[in-house]
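Enquirer: Sharing a structure below in structure tokens format, with a few things to ask.
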Amino acid sequence: MKNPTQLHQTVLLTELVEAMNLKPGDIAIDCTVGAGGHTERILGKVREGGQVIGVDRDKAALKIASSRLEQHLATGTLKLEMAPFSALDEIVKRHNIEGKVQAICADIGVSSMHLDDSERGFSFQDDGPLDMRMDQSGERTAADLIAEEDEETLIRIFREYGEEPKAKQIARRILQVRETTPIVTTRQLADLVKAAAAYPTVSRKHPATRVFQALRIAVNDELGELKALLDSAFAALKPGGRLVIISFHSLEDRIVKQKFVDYTGKNKRESIPRDLPIVASSIDRLIAAKADIIKPFPAVPTQAEIDLNPRARSAKMRVLAKL
Ligand SMILES: C[S@@+](CC[C@H](N)C(=O)[O-])C[C@H]1O[C@@H](n2cnc3c(N)ncnc32)[C@H](O)[C@@H]1O
């Protein structure tokens, strides 16, 4: 088996771990263990007196991380959980760490292990089954979705999750083709999209890129999962604790940014009419801010990191501190 660092290159490694502001003895949760790159560095910060819970919904990723972090599992400093973000509440309760966690991080989306393994169906570089499930015990594959959803739903998925301008033409073509031929491989779908979209484009992007992103988000309910994570992570943190999220596209980053602003109470303040006869100190009491945004703009990888790992280019990291 390859070395985990060859399977997935960790993005914003130093930046994420610094933002978690950990010291020996702290409790931390890494919600996206993947190949264990961030987790390993986090373990180095909390040391043996600390505790790290590592979560991932992908069994194959956890297997790789388990062998990389074997010694930390043996000492009990690390506990791994195969679960989705939406189970975080239950995990925190089971470990009895509600309100005690110094930092929670997530480096969301797919890993290179997903993209590079054609059998997982996330990419169309090589042909493979149209699967795209991060948790392979999940019920619906991308092929199921393509076979079962009606035209309106397919259009909505391609528009909302892929921002695909030719969503209608692509959905129509899918409905025509599936009447006679099941669409079950990545190459079949990529060729179909290319023919249906027929862009006169100079872009280096394959015309199917947006459709593949949209399907992946739908199959794994990625935006719903992210919202569930942002809700339950906050309750688990102790005062002064940090929530650090790396996202890879604007749909996710928008959700993170909005939720972080909500926690600061800033939106509530702006919704109060300016001419209301109420003194500033009463407004402050009405809108108790629960958090501070550490930097107004997200951190992004340096050009040197992008040169080494082009997949890092769209990463954005946001950091929140609980008050
Ligand atoms: C970009 S990788 C993380 C890589 C990791 N930070 C490292 O350094 O190796 C994202 C991981 O998050 C997992 N993941 C994505 N969405 C998830 C969700 N909703 N629940 C649990 N795990 C999820 C994926 O299975 C994948 O292994």
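Letters for chains follow the order of the structure tokens (A, B, ...), residue numbers begin at 1 for each chain, and ligand numbers begin at 1 in the order shown.
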Taking only C-alpha atoms and all ligand atoms into account, list the residues no farther than 6 Å from ligand 1, as a ChimeraX atom specification.

Expert: /A:8,10,32-38,56-58,61,83-85,107-111,134,222,225

Enquirer: For Ile174 of chain A, please output as a tab-separated table (two decimals) with N, CA, C and O atoms, in the first residue's frame all residues within 8 Å (counting only C-alpha atoms; exclusion window: fewer than 3 positions along the same chain).

Expert:
```tsv
chain	number	residue	atom	x	y	z
A	146	ILE	N	-29.47	9.22	-11.18
A	146	ILE	CA	-29.64	9.51	-12.61
A	146	ILE	C	-30.78	8.67	-13.20
A	146	ILE	O	-31.51	9.10	-14.08
A	170	ILE	N	-29.04	19.13	-20.45
A	170	ILE	CA	-28.38	17.91	-19.95
A	170	ILE	C	-29.42	16.97	-19.34
A	170	ILE	O	-29.44	15.77	-19.62
A	171	ALA	N	-30.35	17.53	-18.54
A	171	ALA	CA	-31.38	16.69	-17.91
A	171	ALA	C	-32.23	16.02	-18.99
A	171	ALA	O	-32.56	14.83	-18.91
A	177	VAL	N	-31.84	9.27	-23.08
A	177	VAL	CA	-30.92	8.13	-23.15
A	177	VAL	C	-31.37	7.01	-22.22
A	177	VAL	O	-31.36	5.83	-22.60
A	178	ARG	N	-31.80	7.36	-21.01
A	178	ARG	CA	-32.09	6.30	-20.04
A	178	ARG	C	-33.32	5.47	-20.41
A	178	ARG	O	-33.52	4.40	-19.87
A	192	LEU	N	-22.10	11.93	-22.45
A	192	LEU	CA	-23.47	12.43	-22.66
A	192	LEU	C	-23.53	13.94	-22.39
A	192	LEU	O	-24.11	14.70	-23.16
```

Enquirer: Near segment 70-75 of chain A, within 9 Å and counting only C-alpha atoms, which residues show up once chain neighbours fewer than 5 positions away are dropped, as a ChimeraX atom specification?

Expert: /A:40,43,48,65,80

Enquirer: Once you have the residues from the selection above, write them out as a CSV table (one decimal), in the first residue's frame, restricted to C-alpha atoms.

Expert:
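Result file is out_13.csv:
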```csv
chain,number,residue,atom,x,y,z
A,40,GLU,CA,-1.5,13.4,13.1
A,43,LEU,CA,-2.2,14.6,18.1
A,48,GLU,CA,-0.6,11.9,25.4
A,65,ALA,CA,-5.7,6.5,9.0
A,80,LEU,CA,-11.9,6.9,15.4
```

Enquirer: Identify, on the basis of only C-alpha atoms, every residue whose closest approach to Leu189 of chain A does not exceed 9 Å; exclude the query and any residue fewer than 6 positions from it along the same chain; express the result as an MDAnalysis selection string.

Expert: chainID A and resid 124 130 174 183 208 212

Enquirer: Take the residues from that selection and put them in a file with N, CA and C atoms, as a PDB file, in the first residue's frame.

Expert:
```pdb
ATOM      1  N   PHE A 124     -14.070  11.423 -13.961  1.00  0.00           N
ATOM      2  CA  PHE A 124     -14.272  10.776 -15.261  1.00  0.00           C
ATOM      3  C   PHE A 124     -12.960  10.658 -16.027  1.00  0.00           C
ATOM      4  N   LEU A 130     -20.679   4.533 -11.789  1.00  0.00           N
ATOM      5  CA  LEU A 130     -21.175   5.853 -11.390  1.00  0.00           C
ATOM      6  C   LEU A 130     -21.704   5.762  -9.959  1.00  0.00           C
ATOM      7  N   ILE A 174     -30.455  13.155 -20.576  1.00  0.00           N
ATOM      8  CA  ILE A 174     -30.403  12.006 -19.659  1.00  0.00           C
ATOM      9  C   ILE A 174     -31.718  11.231 -19.749  1.00  0.00           C
ATOM     10  N   ILE A 183     -27.654   4.412 -17.591  1.00  0.00           N
ATOM     11  CA  ILE A 183     -26.422   5.217 -17.514  1.00  0.00           C
ATOM     12  C   ILE A 183     -25.721   4.812 -16.226  1.00  0.00           C
ATOM     13  N   ALA A 208     -18.253  18.272 -18.264  1.00  0.00           N
ATOM     14  CA  ALA A 208     -18.981  17.476 -17.261  1.00  0.00           C
ATOM     15  C   ALA A 208     -18.559  17.806 -15.827  1.00  0.00           C
ATOM     16  N   PHE A 212     -20.675  16.616 -12.450  1.00  0.00           N
ATOM     17  CA  PHE A 212     -20.097  15.654 -11.502  1.00  0.00           C
ATOM     18  C   PHE A 212     -20.082  16.241 -10.086  1.00  0.00           C
TER      19      PHE A 212
END
```

Enquirer: So which bits of segment 47-241 of chain A end up alpha helix (DSSP H) when you DSSP the backbone, as a PyMOL selection string?

Expert: chain A and resi 59-68+70-75+88-94+112-116+142-148+151-162+167-180+186-197+209-219+222-236

Enquirer: List the neighbours of Arg120 of chain A out to 8 Å using only C-alpha atoms; skip same-chain residues closer than 4 positions along the sequence, and give me the result as an MDAnalysis selection string.

Expert: chainID A and resid 114:115 128:133

Enquirer: Measuring between only C-alpha atoms, which one of A:Val319, A:Ile97, A:Cys105, A:Ala197 shows the shortest distance to Gly54 of chain A?

Expert: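 Ranked by minimum distance to Gly54 of chain A, first place goes to A:Cys105.
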
Enquirer: Suppose you want the space between atom CA of Ile246 of chain A and atom CA of Ser314 of chain A; what is it in Å?

Expert: 9.8 Å

Enquirer: Taking only C-alpha atoms into account, which of A:Lys316, A:Ile155, A:Leu251, A:Ala288 comes nearest Lys266 of chain A?

Expert: A:Ala288

Enquirer: Residues near Ile42 of chain A, anyone? I mean within 8 Å using only C-alpha atoms, not counting same-chain ones fewer than 6 positions away, as an MDAnalysis selection string.

Expert: chainID A and resid 17 22 28 52

Enquirer: Taking 6 positions as the minimum chain separation for residues in the same chain, which residues sit within 9 Å of Thr264 of chain A when counting only C-alpha atoms? Answer as an MDAnalysis selection string.

Expert: chainID A and resid 288:293

Enquirer: Print the selection's residues with C-alpha atoms to a file, as an mmCIF file, in the first residue's frame.

Expert:
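Output file again34.cif is given in full below:
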```
data_model
loop_
_atom_site.group_PDB
_atom_site.id
_atom_site.type_symbol
_atom_site.label_atom_id
_atom_site.label_comp_id
_atom_site.auth_asym_id
_atom_site.auth_seq_id
_atom_site.Cartn_x
_atom_site.Cartn_y
_atom_site.Cartn_z
ATOM 1 C CA ALA A 288 -25.617 38.429 23.068
ATOM 2 C CA ALA A 289 -22.797 37.575 20.632
ATOM 3 C CA LYS A 290 -21.742 33.970 21.020
ATOM 4 C CA ALA A 291 -18.575 34.087 18.955
ATOM 5 C CA ASP A 292 -15.853 36.098 17.266
ATOM 6 C CA ILE A 293 -14.669 35.636 13.713
#
```

Enquirer: Return as a count of residues only the full set of residues in segment 102-268 of chain A whose backbone-based DSSP assignment is strand (DSSP E or B).

Expert: 19

Enquirer: Nearest to Lys295 of chain A: which of A:Arg318, A:Leu12, A:Asn309, A:Leu226 is it, counting only C-alpha atoms?

Expert: A:Arg318

Enquirer: Taking only C-alpha atoms into account, which of A:His95, A:Val219, A:Met82, A:Cys31 comes nearest Lys63 of chain A?

Expert: A:Met82

Enquirer: For atom CA of Lys23 of chain A and atom CA of Ala321 of chain A, quote the distance in Å rounded to one decimal.

Expert: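 Calculated distance between atom CA of Lys23 of chain A and atom CA of Ala321 of chain A is 15.5 Å.
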
Enquirer: Just the number, please: distance in Å from atom CA of Glu163 of chain A to atom CA of Ala312 of chain A, one decimal.

Expert: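 Atom-to-atom, atom CA of Glu163 of chain A to atom CA of Ala312 of chain A, that is 20.9 Å.
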
Enquirer: With only C-alpha atoms as the atoms that count, which of A:Ala304, A:Ala196, A:Leu13, A:Ile64 lies nearest to Arg41 of chain A?

Expert: A:Leu13
